[in-house]
Amino acid sequence: MTADAPSTTSDSMARSDAPPLLEMRGITKRFPGVIANQDVSFDVRAGEVHTLLGENGAGKSTLMKIVFGLYQQDEGDVLLRGQPIDVSSPSEAIAARIGMVHQHFMLVPTLTVAENVALGIRSERGPLTDLDAVSDRIRELSNSHGLSVDPDVEVWRLSVGERQRVEILKALYRDAELLVLDEPTAVLTPQEVDDLFVILRRMTDEGRGLIFISHKLHEVMALSDRITVLRNGRVTGQTVPSETTREQLAEMMVGREVKLVPDKPAVTTGEPRLAVQNLSVQGDRGAIALHDVSLEILAGEILGVAGVSGNGQRELAEAVAGLRKPEPGASISIDGTDVSLLNTKARRDRGLSYVPEERMKDGAIAEFSVSENLLLVNHDGDDFTRSGLFDFGKIKEHCQALVNRYAVKTPSIETPTSSLSGGNIQKVIMARELTSGPAVLVASQPTRGVDIGSAEYIHEQLVAQRSNGTATLLISEDLDEVLGLSDRIAVMFEGRVVRIVDAADATREGIGLLMAGVTDSAPAG
Amino acid sequence: GGSDDASSEADEATEESSETGGDESGALSMAIVAPSASEDLAFTQSMIESIEALERDVELQVTDGTFVVEDAAAAIRGYAEEGVEVIVAHGTQFGASLAEIAPEFPETTFIWGTSTDTQGLPNVFAYYPAADQGGYVNGVLAAGVSESGSIGVIGPVEAGDAVAYVNGFAAGAEANGATVNIAYTGSFSDVALMAEAAQAFLANGNDVLTGSSQAVVGAVGVSREAGIPWFGTQANQSSLDPAGVVASQVYHWEVVLEEMLALRDGGTLGGEAYEINLANGGLVIEINPDYPGAADLQATVDETVAAIVDGSITTGG
Amino acid sequence: MSDFFTASILVATIASGIRLATPYLFASLGETIGQKSGVLNLGVDGVMLLSAFFGYWTVLERDNLWLAVAVSLVVGLVMGLIYATITVFFHATQGISGIGIFLFGLGFSELMFRRQVGTPLPVDKLPKIEIPLLADIPWLGEALFQHNPLTYAAFLAVPVVVFMLNKTTFGMNVRAVGENPQAADSLGVSVARTRFIAIVIGNTFAGLAGAALVLELGIFQQNLTNGLGFIAVALVYFGAWRPVGVMTGSLLYGLVAATVLQWKAQGIIPRGASDIASMAPAVLTILALILLANRVPAPAALTRPFARH
Amino acid sequence: MKRLVGAAVPVTAALVAFFFGAIMLLAIGASPWEGLKAMVDGAFGGGDNLARTAVRATPLILVGAGITVAFRTSVVNIGGEGQIVAGALLTTVTALALPDLPAAIMLPIVLLAGIVGGAIAGAIPGALKAYASVNEILSTIMLNLVMVQLMNYLLRGPLIDPAEVASGTRNPQTERLPDGASLPILVPGTRLHLGVPIAIVAAIAVYILLWRTPLGFRLRAVGHSPDAARAAGINVKRNVTNALTIAGSLGGLAGAILVLGSEGQRMQTDGSLAGFTGSAGFNGIVAALFGGLHPIWTIPSSFLFGGLLTGATQLQRSLQVPSALAIALNGIVVVFVVSSDRVRSRLDTMMAARAEMNDSGGES
Ligand SMILES: Nc1ncnc2c1ncn2[C@@H]1O[C@H](COP(=O)(O)OP(=O)(O)OP(=O)(O)O)[C@@H](O)[C@H]1O
Ligand SMILES: Nc1ncnc2c1ncn2[C@@H]1O[C@H](COP(=O)(O)OP(=O)(O)OP(=O)(O)O)[C@@H](O)[C@H]1O
Ligand SMILES: [Mg+2]
Ligand SMILES: [Mg+2]
């Protein structure tokens, strides 16, 4: 479906003689120790989608924050509709009809949708809020742009996809002519991505200009009118989808050839290492989110879980990891031992590893150094302490070895993790979780928001673990990833595993139907 | 102090000589270290006023508000090192520090209270108020002015001379047919709580109030507003309610201070413990002349005081 | 003596609890506003002491109660300007700068009191105002509708603050900057200005708390508040950042204290257990919180200074 | 260079604060110069004053080190005052219950009793936070109020010195503790006692705990990110409780030292917490934050504030300035120095940016 999203390339070409909506010339931006953008030139025309592509840390978000007034460039000029402008705060950007959907949601969870939209806008009623009018206008915009969301509900109650729609509504409400979308699809399901693209196309049809950032190449190929590639803060090329391929784009970004689909050697599977029986679990709001799930993963097997987010995958991962209490009657065993009553630590001691879905929230501690994050799960092993105190010599040796082995790009192992790129943080987490040679690995969204170079590497590591006899539960909303890596695929819908199919027989379409809850018509194959 | 910048050099010269040569001017150098403020209308104020009432020329230095014992000890030692002749350590809690300091300064007289003994130190005088005696007299007066026969007593923490006063007061009032109700708020410093304690007594039909500690000022405010009589202790509290304060038991430490200083003049630097009481005039019931009917009360006071002094009444502190 | 469960005693106890609750309520409402915007202020007690002293001094010198209230309010406002400047613009660590303000208030109010006044002299208190009609309701009228104007003001401030936080643009901004200042900033809401104003309002409330305390007592003394401001901060957590919750906490605290006093006055609490009984307001506040299981999280950006990068 | 700026800014801030102090002194008619001299002399002039400053700093170091542990675990501890008193009470009860043992046996026991007392007072709000979601700011403030009443109850009631009852003075203080329970004086003629080095060692131990041991690692992990810690298998609730328990035990040790190092060899109360603790429970927070929440830096920082406190007594004595001025000055110093952090970091980034430009200029 995404492959043939409506295209208006010809329209935007027609308008190309007018001055571009936005033009950036020779932008340079430095942070202490990093040059995030160096002499970047870039423009967006009305009615087009211009995509920025680049590895983690290439400088995409920084460039966009300059457009939106969150950062100031050190050198270079920004022109809007041909006029040089100096945007020094978001409110000036908004006044210039620039909107931005940030990589991390910029929403106040405790406020309602209408309040989130109304923030910063002068109210008709003077000092009093005018939320009814805002709600009405939101409904109008929702209808005209296909963005269904209830304006009166608090944002924390919304699904990720709905929150994304609120972000776009905020820009539409302010009638943004230029809209920056920084990785808007990273957290969306394939269906939500399709819906989003329809909305975005409608916006370009109205003559708005869009800047789009994504690490998913099929999306980039489907949506973009033009593509600019950044590497290490510099522009390394510009192209249009019709003149390139995903492989070429990948090479432009990374500077070498990238394998988009991992090689999977044949592995003879062994005994079941993870066995889950009759697992039911409550979700965050108390209702049962996982119904009576049973599954088994053998040594040397990757079981992929496909499903639209919010259908119980998170609860499944957390229940296996010991972070969520199962309802009575469930059993979870690792290598034949029932661990369902044990805490996370005890499960980890029995061979569990867990790569959580939210990297910066659950996976790593931003303020900790790389080495501290590498030690997070096994810091008091005998290897690292001597008479109760840390043995820093051994720790350093161990961490340096991991950093080298997993090709983590970091100035040193003492660097705070927060200053690493997302892909490299994910590598740190993978290194930590895989070093013990786990019996069972639960990996949730292992490459979400990770650039293709790093994703390739992470995939290789998952495959290598499989060869070592690990039983892997791979949860991902990236269907390509699930299809490419799994031996079997479990499809989840409304908290149940609706079917488990052999990956060899699976197709995108078949899995897609199952994910939508359609079980009767076609077999997955 | 009091030196002027203009003539600083000359002053410095005299100051130096006065420091080395002792009391050239004839004034006795004294210092007081006290836990609460000098103007607390209670414990500390009573001592400051007493020193000021001494019939000799005194140069007084004050360190007040030192509720932390370590600080007080430092101040006491500091004064001793400076050569101050008589140092008043006005707080029971300073006793332990004094036991360390006093032997180091055998030439200095330390006056310490409230305490009933000198810890065997030859240069320490001790003082103690028989607060129950004045309390008793106040109690007798209170029973007389109460119409309901119920009297409220507000205490801070049930300890120290607050207990003596409260118990003496209760004995006096009860001996004269009144019912006495006592509440300790649990704090020496919570003014608002004492005020509300007063309110609680009013609600229960008590029509005369008294109380102890520097936090009573709020309670006096309540009784003033309600227009009912109040009895004070430690210092004269008439200023808090010129029409409502009937009488205050006032500590006149000067009575015993004079005796101590006389001994010092004779070369005895300490070793005696003194009590101020009704008999020696250290405790005085000061009737507020502005209180309506004040004149009639003096006779009762004199009578009761006489009975306490001659032992026909025991106040049972 | 008389029984606690007689109407007149209950009425007096409730009235006393309300009087005790008034300064807590003002102070904790103010603290709520500040915390809603993401700023912790541990200096409330110091601000209260300053405003109480200057209010008192005003009555002493000018004999004008309303001028005194105004002076207290202005002192709170000025302290708010100072605290807002150091937290919003200088990003001072909020816990510690608040303690700095507290120490300053504690010391400076005492210094001024001793220099300018010395011996505490009684001054007029705010008069009790009987609300027409309502004050005549048997029992209830006496308990609830015979208080001084600042007590009414404190309780009326509750719906006002609720309205302000929920129905005004400013209130919406306050809630936004306390929860996710980056988001508010990205929409052009000035985090600095919003917090600045919230802090100034909050401290002005602390100023009123000082006035309410000193003008109810009619006298000042060093450390008059006796830690009241810290309890007010605690009550904000009790009330889970909701004005009504904060009011409930203040009333609970005040009423328990009043009841304990009443029982002491009646001899229901034996004198030997007097100190133990005095623990009741603190203990019951904690117990109530455990039972209420009030698991509202704090404003997410509380104590975090905001900077764009 | 960066170091220099780093130090210069707070020093300047402190000077500005003292400038305000000077204005206050002038306003009440005292000479600022004399005032400063008196304060410095009172704090650091001569062995005796230095010893007193050290003794004053001791509880600040301990409470401060505890605050470091708590804050590093993202737990606020306003309960230092109550924890000190809890420790002191258990120390007192233990010492009174024991016969007069030699100091070598007695001291470890009674110090441990203090630690246990404080630990209990810390564990309660810790467990309430971890297992009942009761905010620790609320519970620690409330527990302070409980502890003051408990102290008053015990010292005027069950623990009161029988001699006080006999004489009728009824001062709320305990009997003198056995001689073995006295902290030995290290420098004769001063108040410098064994408690001072004990506190310093404790602060160093806290440093080791936080950065050299698995337990400290877990505490810091929980402090930065409870979610990530939990996912890694660390018991967040237990560690939150641990943090306040450790903070409390350090406060309790401070309480034990206050009793055992007091001249009176006993615990006494003036009815308030501050009367016993000298507000160390609060000042320790200031000292710890001032020391950048680093247990080692808390030591000099505590000496500074200890010095301010002892200097204030001298100020009052020599200039007849109410000690309230010193409290106010203390507040001003705190406010100015914390406000200077921002200025310092601004200067740091400016300088870093300049260095960056020079570097990149060199490259091209
Ligand atoms: N506020 C900041 N302070 C210091 N360095 C920063 C800051 N913001 C970004 N950087 C650095 O600038 C570089 C570019 O970061 P940027 O966020 O623009 O990358 P990106 O291309 O958006 O990456 P991703 O795909 O991971 O989102 C990185 O090295 C990053 O670490
Ligand atoms: N992430 C981890 N990696 C390795 N071991 C851990 C980890 N977290 C906890 N442990 C171990 O599990 C035990 C429980 O740890 P936890 O942090 O929950 O409590 P604790 O009170 O710090 O433990 P202790 O009993 O050692 O004081 C600890 O003794 C520790 O050895
Ligand atoms: Mg980015
Ligand atoms: Mg441990």
# chains A, B, ... in the order shown; residues from 1 in each chain; ligands from 1
call {"tool": "interface_residues", "arguments": {"of": "chain A", "to": "chain D", "cutoff": "9 Å", "atoms": "only C-alpha atoms", "output": "ChimeraX atom specification"}}
result
/A:30-34,318,321-323,343-348,354-356,359-368,372,376-380,385,388-392
call {"tool": "write_last_selection", "arguments": {"atoms": "C-alpha atoms", "output": "compact mmCIF listing (two decimals), in the first residue's frame"}}
result
# COMPACT_ATOMS: atom_id res chain seq x y z
CA ARG A 30 28.53 23.64 16.44
CA PHE A 31 28.01 22.06 19.81
CA PRO A 32 30.80 21.67 22.30
CA GLY A 33 32.91 18.94 20.76
CA VAL A 34 30.66 18.32 17.73
CA GLU A 318 7.21 -7.35 30.10
CA ALA A 321 10.88 -10.24 31.58
CA GLY A 322 9.25 -10.32 35.02
CA LEU A 323 8.19 -6.68 34.98
CA ASN A 343 11.58 -11.46 39.83
CA THR A 344 13.48 -10.02 36.92
CA LYS A 345 16.85 -10.48 38.55
CA ALA A 346 16.24 -14.15 39.21
CA ARG A 347 15.04 -14.68 35.65
CA ARG A 348 18.10 -12.95 34.32
CA TYR A 354 15.77 -8.28 27.65
CA VAL A 355 16.05 -5.41 25.19
CA PRO A 356 13.22 -3.06 26.10
CA ARG A 359 15.56 2.68 24.63
CA MET A 360 16.03 5.84 26.66
CA LYS A 361 13.36 5.10 29.22
CA ASP A 362 13.86 1.44 30.03
CA GLY A 363 16.95 0.37 28.19
CA ALA A 364 19.71 2.68 29.23
CA ILE A 365 20.44 5.40 31.76
CA ALA A 366 21.26 8.58 29.92
CA GLU A 367 23.40 10.06 32.69
CA PHE A 368 25.43 6.90 33.14
CA GLU A 372 28.08 1.90 33.57
CA LEU A 376 23.75 -2.43 34.52
CA VAL A 377 22.63 -6.05 34.69
CA ASN A 378 25.68 -7.82 36.02
CA HIS A 379 27.56 -5.25 38.06
CA ASP A 380 28.00 -7.38 41.14
CA THR A 385 34.23 -6.89 42.29
CA GLY A 388 32.92 -6.00 47.70
CA LEU A 389 34.49 -3.12 45.78
CA PHE A 390 34.49 -2.61 42.06
CA ASP A 391 37.58 -3.77 40.26
CA PHE A 392 37.84 -0.99 37.74
call {"tool": "residues_around", "arguments": {"residues": "His459 in chain A", "least_positions_apart": "4", "cutoff": "7 Å", "atoms": "only C-alpha atoms", "output": "PyMOL selection string"}}
result
chain A and resi 262+455+463
call {"tool": "write_last_selection", "arguments": {"atoms": "N, CA and C atoms", "output": "PDB file, in the first residue's frame"}}
result
ATOM      1  N   PRO A 262      19.131  -9.396   6.136  1.00  0.00           N
ATOM      2  CA  PRO A 262      20.264 -10.155   6.680  1.00  0.00           C
ATOM      3  C   PRO A 262      20.321 -11.561   6.091  1.00  0.00           C
ATOM      4  N   ALA A 455      21.258  -0.680  12.091  1.00  0.00           N
ATOM      5  CA  ALA A 455      20.226  -1.720  12.065  1.00  0.00           C
ATOM      6  C   ALA A 455      20.798  -2.985  11.452  1.00  0.00           C
ATOM      7  N   VAL A 463      21.083 -12.607  14.491  1.00  0.00           N
ATOM      8  CA  VAL A 463      21.253 -13.857  13.737  1.00  0.00           C
ATOM      9  C   VAL A 463      22.391 -14.677  14.343  1.00  0.00           C
TER      10      VAL A 463
END
call {"tool": "closest_atom_pairs", "arguments": {"of": "chain A", "to": "ligand 3", "cutoff": "10 Å", "atoms": "only C-alpha atoms and all ligand atoms", "output": "CSV"}}
result
residue,atom,partner,partner_atom_place_in_ligand_line,distance
A:Gly54,CA,ligand 3,1 (Mg),9.3
A:Glu55,CA,ligand 3,1 (Mg),9.1
A:Asn56,CA,ligand 3,1 (Mg),6.9
A:Gly57,CA,ligand 3,1 (Mg),6.9
A:Ala58,CA,ligand 3,1 (Mg),8.1
A:Gly59,CA,ligand 3,1 (Mg),7.0
A:Lys60,CA,ligand 3,1 (Mg),5.6
A:Ser61,CA,ligand 3,1 (Mg),4.0
A:Thr62,CA,ligand 3,1 (Mg),7.1
A:Leu63,CA,ligand 3,1 (Mg),9.3
A:Met64,CA,ligand 3,1 (Mg),8.9
A:Lys65,CA,ligand 3,1 (Mg),9.7
A:His102,CA,ligand 3,1 (Mg),8.6
A:Gln103,CA,ligand 3,1 (Mg),6.2
A:His104,CA,ligand 3,1 (Mg),8.9
A:Asp182,CA,ligand 3,1 (Mg),6.6
A:Glu183,CA,ligand 3,1 (Mg),7.3
A:Ile213,CA,ligand 3,1 (Mg),8.1
A:Ser214,CA,ligand 3,1 (Mg),9.1
A:His215,CA,ligand 3,1 (Mg),10.0
A:Ser421,CA,ligand 3,1 (Mg),8.9
A:Gly422,CA,ligand 3,1 (Mg),8.8
A:Gly449,CA,ligand 3,1 (Mg),8.8
call {"tool": "write_last_selection", "arguments": {"atoms": "N, CA and C atoms", "output": "tab-separated table (two decimals), in the first residue's frame"}}
result
chain	number	residue	atom	x	y	z
A	54	GLY	N	19.74	10.42	6.65
A	54	GLY	CA	21.10	10.35	7.20
A	54	GLY	C	21.14	9.46	8.42
A	55	GLU	N	22.33	8.99	8.72
A	55	GLU	CA	22.51	8.12	9.88
A	55	GLU	C	22.16	8.87	11.16
A	56	ASN	N	22.08	8.11	12.23
A	56	ASN	CA	21.90	8.76	13.53
A	56	ASN	C	23.05	9.73	13.78
A	57	GLY	N	22.71	10.91	14.19
A	57	GLY	CA	23.75	11.90	14.50
A	57	GLY	C	24.26	12.64	13.28
A	58	ALA	N	23.64	12.43	12.13
A	58	ALA	CA	24.11	13.11	10.92
A	58	ALA	C	23.82	14.60	10.97
A	59	GLY	N	22.88	15.01	11.79
A	59	GLY	CA	22.60	16.44	11.94
A	59	GLY	C	21.25	16.86	11.42
A	60	LYS	N	20.36	15.92	11.18
A	60	LYS	CA	19.06	16.24	10.62
A	60	LYS	C	18.21	17.06	11.59
A	61	SER	N	18.09	16.55	12.80
A	61	SER	CA	17.24	17.24	13.77
A	61	SER	C	17.79	18.62	14.09
A	62	THR	N	19.10	18.72	14.15
A	62	THR	CA	19.70	20.01	14.46
A	62	THR	C	19.34	21.04	13.39
A	63	LEU	N	19.44	20.62	12.15
A	63	LEU	CA	19.13	21.53	11.05
A	63	LEU	C	17.68	22.00	11.16
A	64	MET	N	16.81	21.07	11.51
A	64	MET	CA	15.39	21.42	11.60
A	64	MET	C	15.10	22.32	12.81
A	65	LYS	N	15.84	22.09	13.86
A	65	LYS	CA	15.63	22.95	15.03
A	65	LYS	C	16.07	24.37	14.74
A	102	HIS	N	8.00	17.13	16.24
A	102	HIS	CA	9.33	16.77	16.73
A	102	HIS	C	9.52	15.28	16.80
A	103	GLN	N	10.79	14.89	16.77
A	103	GLN	CA	11.16	13.48	16.85
A	103	GLN	C	10.58	12.86	18.13
A	104	HIS	N	10.71	13.60	19.25
A	104	HIS	CA	10.06	13.16	20.48
A	104	HIS	C	8.83	14.03	20.65
A	182	ASP	N	9.91	15.38	11.91
A	182	ASP	CA	11.15	14.70	12.27
A	182	ASP	C	10.83	13.29	12.74
A	183	GLU	N	11.09	12.32	11.90
A	183	GLU	CA	10.82	10.90	12.19
A	183	GLU	C	9.40	10.67	12.70
A	213	ILE	N	11.60	13.44	7.65
A	213	ILE	CA	12.80	12.70	8.07
A	213	ILE	C	12.38	11.30	8.46
A	214	SER	N	13.09	10.30	7.95
A	214	SER	CA	12.79	8.92	8.32
A	214	SER	C	14.02	8.06	8.05
A	215	HIS	N	14.10	6.96	8.81
A	215	HIS	CA	15.16	5.99	8.54
A	215	HIS	C	14.65	4.83	7.70
A	421	SER	N	24.56	8.59	19.73
A	421	SER	CA	23.38	8.57	18.87
A	421	SER	C	22.51	7.38	19.24
A	422	GLY	N	21.26	7.44	18.81
A	422	GLY	CA	20.31	6.38	19.16
A	422	GLY	C	20.81	5.00	18.76
A	449	GLY	N	14.01	3.66	15.14
A	449	GLY	CA	14.74	4.93	15.13
A	449	GLY	C	16.23	4.78	14.91
call {"tool": "residues_around", "arguments": {"residues": "range 484-500 of chain A", "least_positions_apart": "2", "cutoff": "6 Å", "atoms": "only C-alpha atoms", "output": "list in words"}}
result
Ala289, Leu290, His291, Ile302, Leu303, Gly304, Val305, Ala306, Gly307, Asn311, Gly312, Asp480, Glu481, Val482, Asp502, Ala503, Met515 and Gly517 of chain A
call {"tool": "interface_residues", "arguments": {"of": "chain B", "to": "chain C", "cutoff": "6 Å", "atoms": "only C-alpha atoms", "output": "MDAnalysis selection string"}}
result
chainID B and resid 39 183 186 190 197 200:201 218 240
call {"tool": "atom_distance", "arguments": {"atom1": "CA of Ala439 in chain A", "atom2": "CA of Asp338 in chain A"}}
result
14.0 Å
call {"tool": "closest_residue", "arguments": {"among": "A:Val153, A:Leu210, A:Leu249, A:Ile425", "to": "ligand 1", "atoms": "only C-alpha atoms and all ligand atoms"}}
result
A:Ile425
call {"tool": "closest_atom_pairs", "arguments": {"of": "chain C", "to": "chain A", "cutoff": "10 Å", "atoms": "only C-alpha atoms", "output": "CSV"}}
result
residue,atom,partner,partner_atom,distance
C:Phe163,CA,A:Leu128,CA,9.6
C:Met164,CA,A:Leu128,CA,8.6
C:Asn166,CA,A:Thr129,CA,8.6
C:Lys167,CA,A:Thr129,CA,5.7
C:Thr168,CA,A:Leu128,CA,4.0
C:Thr169,CA,A:Thr129,CA,5.0
C:Phe170,CA,A:Pro127,CA,7.1
C:Gly171,CA,A:Thr129,CA,9.0
C:Met172,CA,A:Glu115,CA,7.4
C:Asn173,CA,A:Leu119,CA,6.9
C:Arg175,CA,A:Leu111,CA,7.8
C:Ala176,CA,A:Val108,CA,6.0
C:Val177,CA,A:Val108,CA,8.6
C:Gly178,CA,A:Val108,CA,9.3
C:Glu179,CA,A:Val108,CA,6.3
C:Asn180,CA,A:Val108,CA,5.5
C:Pro181,CA,A:Val108,CA,8.4
C:Gln182,CA,A:Met106,CA,6.8
C:Ala183,CA,A:Met106,CA,4.3
C:Ala184,CA,A:Leu119,CA,6.8
C:Asp185,CA,A:Pro90,CA,7.0
C:Ser186,CA,A:Pro90,CA,5.3
C:Leu187,CA,A:Gly120,CA,5.4
C:Gly188,CA,A:Ser91,CA,4.0
C:Val189,CA,A:Gly120,CA,4.8
C:Ser190,CA,A:Gly120,CA,8.4
C:Pro299,CA,A:Thr110,CA,9.2
C:Ala300,CA,A:Thr110,CA,9.7
C:Arg308,CA,A:Leu70,CA,6.8
C:His309,CA,A:Tyr71,CA,8.0
call {"tool": "atom_distance", "arguments": {"atom1": "CA of Arg195 in chain C", "atom2": "CA of Glu31 in chain C"}}
result
12.3 Å
call {"tool": "interface_residues", "arguments": {"of": "chain D", "to": "chain B", "cutoff": "8 Å", "atoms": "only C-alpha atoms", "output": "ChimeraX atom specification"}}
result
/D:149,152,156,167-172,263-265,268,270-272,274-278,310,313-314,316-317,320,322-323
call {"tool": "select_by_dssp", "arguments": {"residues": "range 32-149 of chain B", "states": "alpha helix (DSSP H)", "output": "NGL selection string"}}
result
:B and (43-52 or 69-82 or 95-101 or 131-145)
call {"tool": "residues_around", "arguments": {"residues": "Tyr24 in chain C", "least_positions_apart": "5", "cutoff": "9 Å", "atoms": "only C-alpha atoms", "output": "VMD selection string"}}
result
chain C and resid 29 209 228 to 229 231 to 233 235 246 to 247 249 to 251 253 to 254
call {"tool": "interface_residues", "arguments": {"of": "chain D", "to": "chain C", "cutoff": "8 Å", "atoms": "only C-alpha atoms", "output": "VMD selection string"}}
result
chain D and resid 28 132 to 135 137 to 139 141 to 143 145 to 146 149 to 150 152 to 153 157 282 285 to 286 289 322 to 335 338 to 343
call {"tool": "select_by_dssp", "arguments": {"residues": "range 101-261 of chain B", "states": "strand (DSSP E or B)", "output": "ChimeraX atom specification"}}
result
/B:109-113,124-129,150-155,179-184,208-211,230-234,245-251
call {"tool": "residues_around", "arguments": {"residues": "Gly291 in chain D", "least_positions_apart": "6", "cutoff": "8 Å", "atoms": "only C-alpha atoms", "output": "NGL selection string"}}
result
:D and (297-301)
call {"tool": "write_last_selection", "arguments": {"atoms": "all heavy atoms", "output": "mmCIF file, in the first residue's frame"}}
result
data_model
loop_
_atom_site.group_PDB
_atom_site.id
_atom_site.type_symbol
_atom_site.label_atom_id
_atom_site.label_comp_id
_atom_site.auth_asym_id
_atom_site.auth_seq_id
_atom_site.Cartn_x
_atom_site.Cartn_y
_atom_site.Cartn_z
ATOM 1 N N TRP D 297 33.261 16.558 48.855
ATOM 2 C CA TRP D 297 33.157 18.018 48.865
ATOM 3 C C TRP D 297 32.259 18.512 49.994
ATOM 4 O O TRP D 297 32.304 19.674 50.381
ATOM 5 C CB TRP D 297 32.640 18.531 47.517
ATOM 6 C CG TRP D 297 33.732 18.564 46.501
ATOM 7 C CD1 TRP D 297 33.846 17.771 45.407
ATOM 8 C CD2 TRP D 297 34.887 19.413 46.499
ATOM 9 N NE1 TRP D 297 35.003 18.059 44.739
ATOM 10 C CE2 TRP D 297 35.658 19.064 45.373
ATOM 11 C CE3 TRP D 297 35.345 20.429 47.345
ATOM 12 C CZ2 TRP D 297 36.868 19.694 45.061
ATOM 13 C CZ3 TRP D 297 36.542 21.058 47.043
ATOM 14 C CH2 TRP D 297 37.288 20.689 45.912
ATOM 15 N N THR D 298 31.420 17.601 50.484
ATOM 16 C CA THR D 298 30.571 17.988 51.601
ATOM 17 C C THR D 298 31.410 18.322 52.829
ATOM 18 O O THR D 298 31.000 19.112 53.681
ATOM 19 C CB THR D 298 29.591 16.826 51.912
ATOM 20 O OG1 THR D 298 28.812 16.596 50.745
ATOM 21 C CG2 THR D 298 28.662 17.178 53.050
ATOM 22 N N ILE D 299 32.606 17.747 52.924
ATOM 23 C CA ILE D 299 33.439 17.993 54.107
ATOM 24 C C ILE D 299 33.868 19.469 54.182
ATOM 25 O O ILE D 299 33.535 20.149 55.153
ATOM 26 C CB ILE D 299 34.650 17.029 54.134
ATOM 27 C CG1 ILE D 299 34.156 15.577 54.163
ATOM 28 C CG2 ILE D 299 35.530 17.322 55.334
ATOM 29 C CD1 ILE D 299 35.248 14.545 53.956
ATOM 30 N N PRO D 300 34.573 19.988 53.156
ATOM 31 C CA PRO D 300 34.929 21.415 53.254
ATOM 32 C C PRO D 300 33.707 22.315 53.324
ATOM 33 O O PRO D 300 33.696 23.334 54.032
ATOM 34 C CB PRO D 300 35.730 21.678 51.979
ATOM 35 C CG PRO D 300 35.499 20.518 51.091
ATOM 36 C CD PRO D 300 35.141 19.362 51.955
ATOM 37 N N SER D 301 32.689 21.930 52.573
ATOM 38 C CA SER D 301 31.471 22.731 52.582
ATOM 39 C C SER D 301 30.882 22.801 53.995
ATOM 40 O O SER D 301 30.417 23.861 54.449
ATOM 41 C CB SER D 301 30.505 22.098 51.584
ATOM 42 O OG SER D 301 29.220 22.518 51.797
#
call {"tool": "residues_around", "arguments": {"residues": "Val267 in chain A", "least_positions_apart": "6", "cutoff": "10 Å", "atoms": "only C-alpha atoms", "output": "list in words"}}
result
Ala299, Gly300, Glu301, Val463, Arg466, Ser467, Asn468, Gly469 and Asp487 of chain A
call {"tool": "write_last_selection", "arguments": {"atoms": "C-alpha atoms", "output": "CSV table (one decimal), in the first residue's frame"}}
result
chain,number,residue,atom,x,y,z
A,299,ALA,CA,17.0,-23.1,20.9
A,300,GLY,CA,18.3,-21.5,17.7
A,301,GLU,CA,14.9,-20.1,16.8
A,463,VAL,CA,21.3,-13.9,13.7
A,466,ARG,CA,20.4,-17.6,17.0
A,467,SER,CA,23.3,-19.6,15.7
A,468,ASN,CA,24.5,-19.9,19.2
A,469,GLY,CA,21.3,-21.5,20.3
A,487,ASP,CA,11.8,-18.5,11.7
call {"tool": "residues_around", "arguments": {"residues": "Phe196 in chain C", "least_positions_apart": "2", "cutoff": "8 Å", "atoms": "only C-alpha atoms", "output": "number ranges by chain"}}
result
C: 81, 84-85, 88, 192-194, 198-200
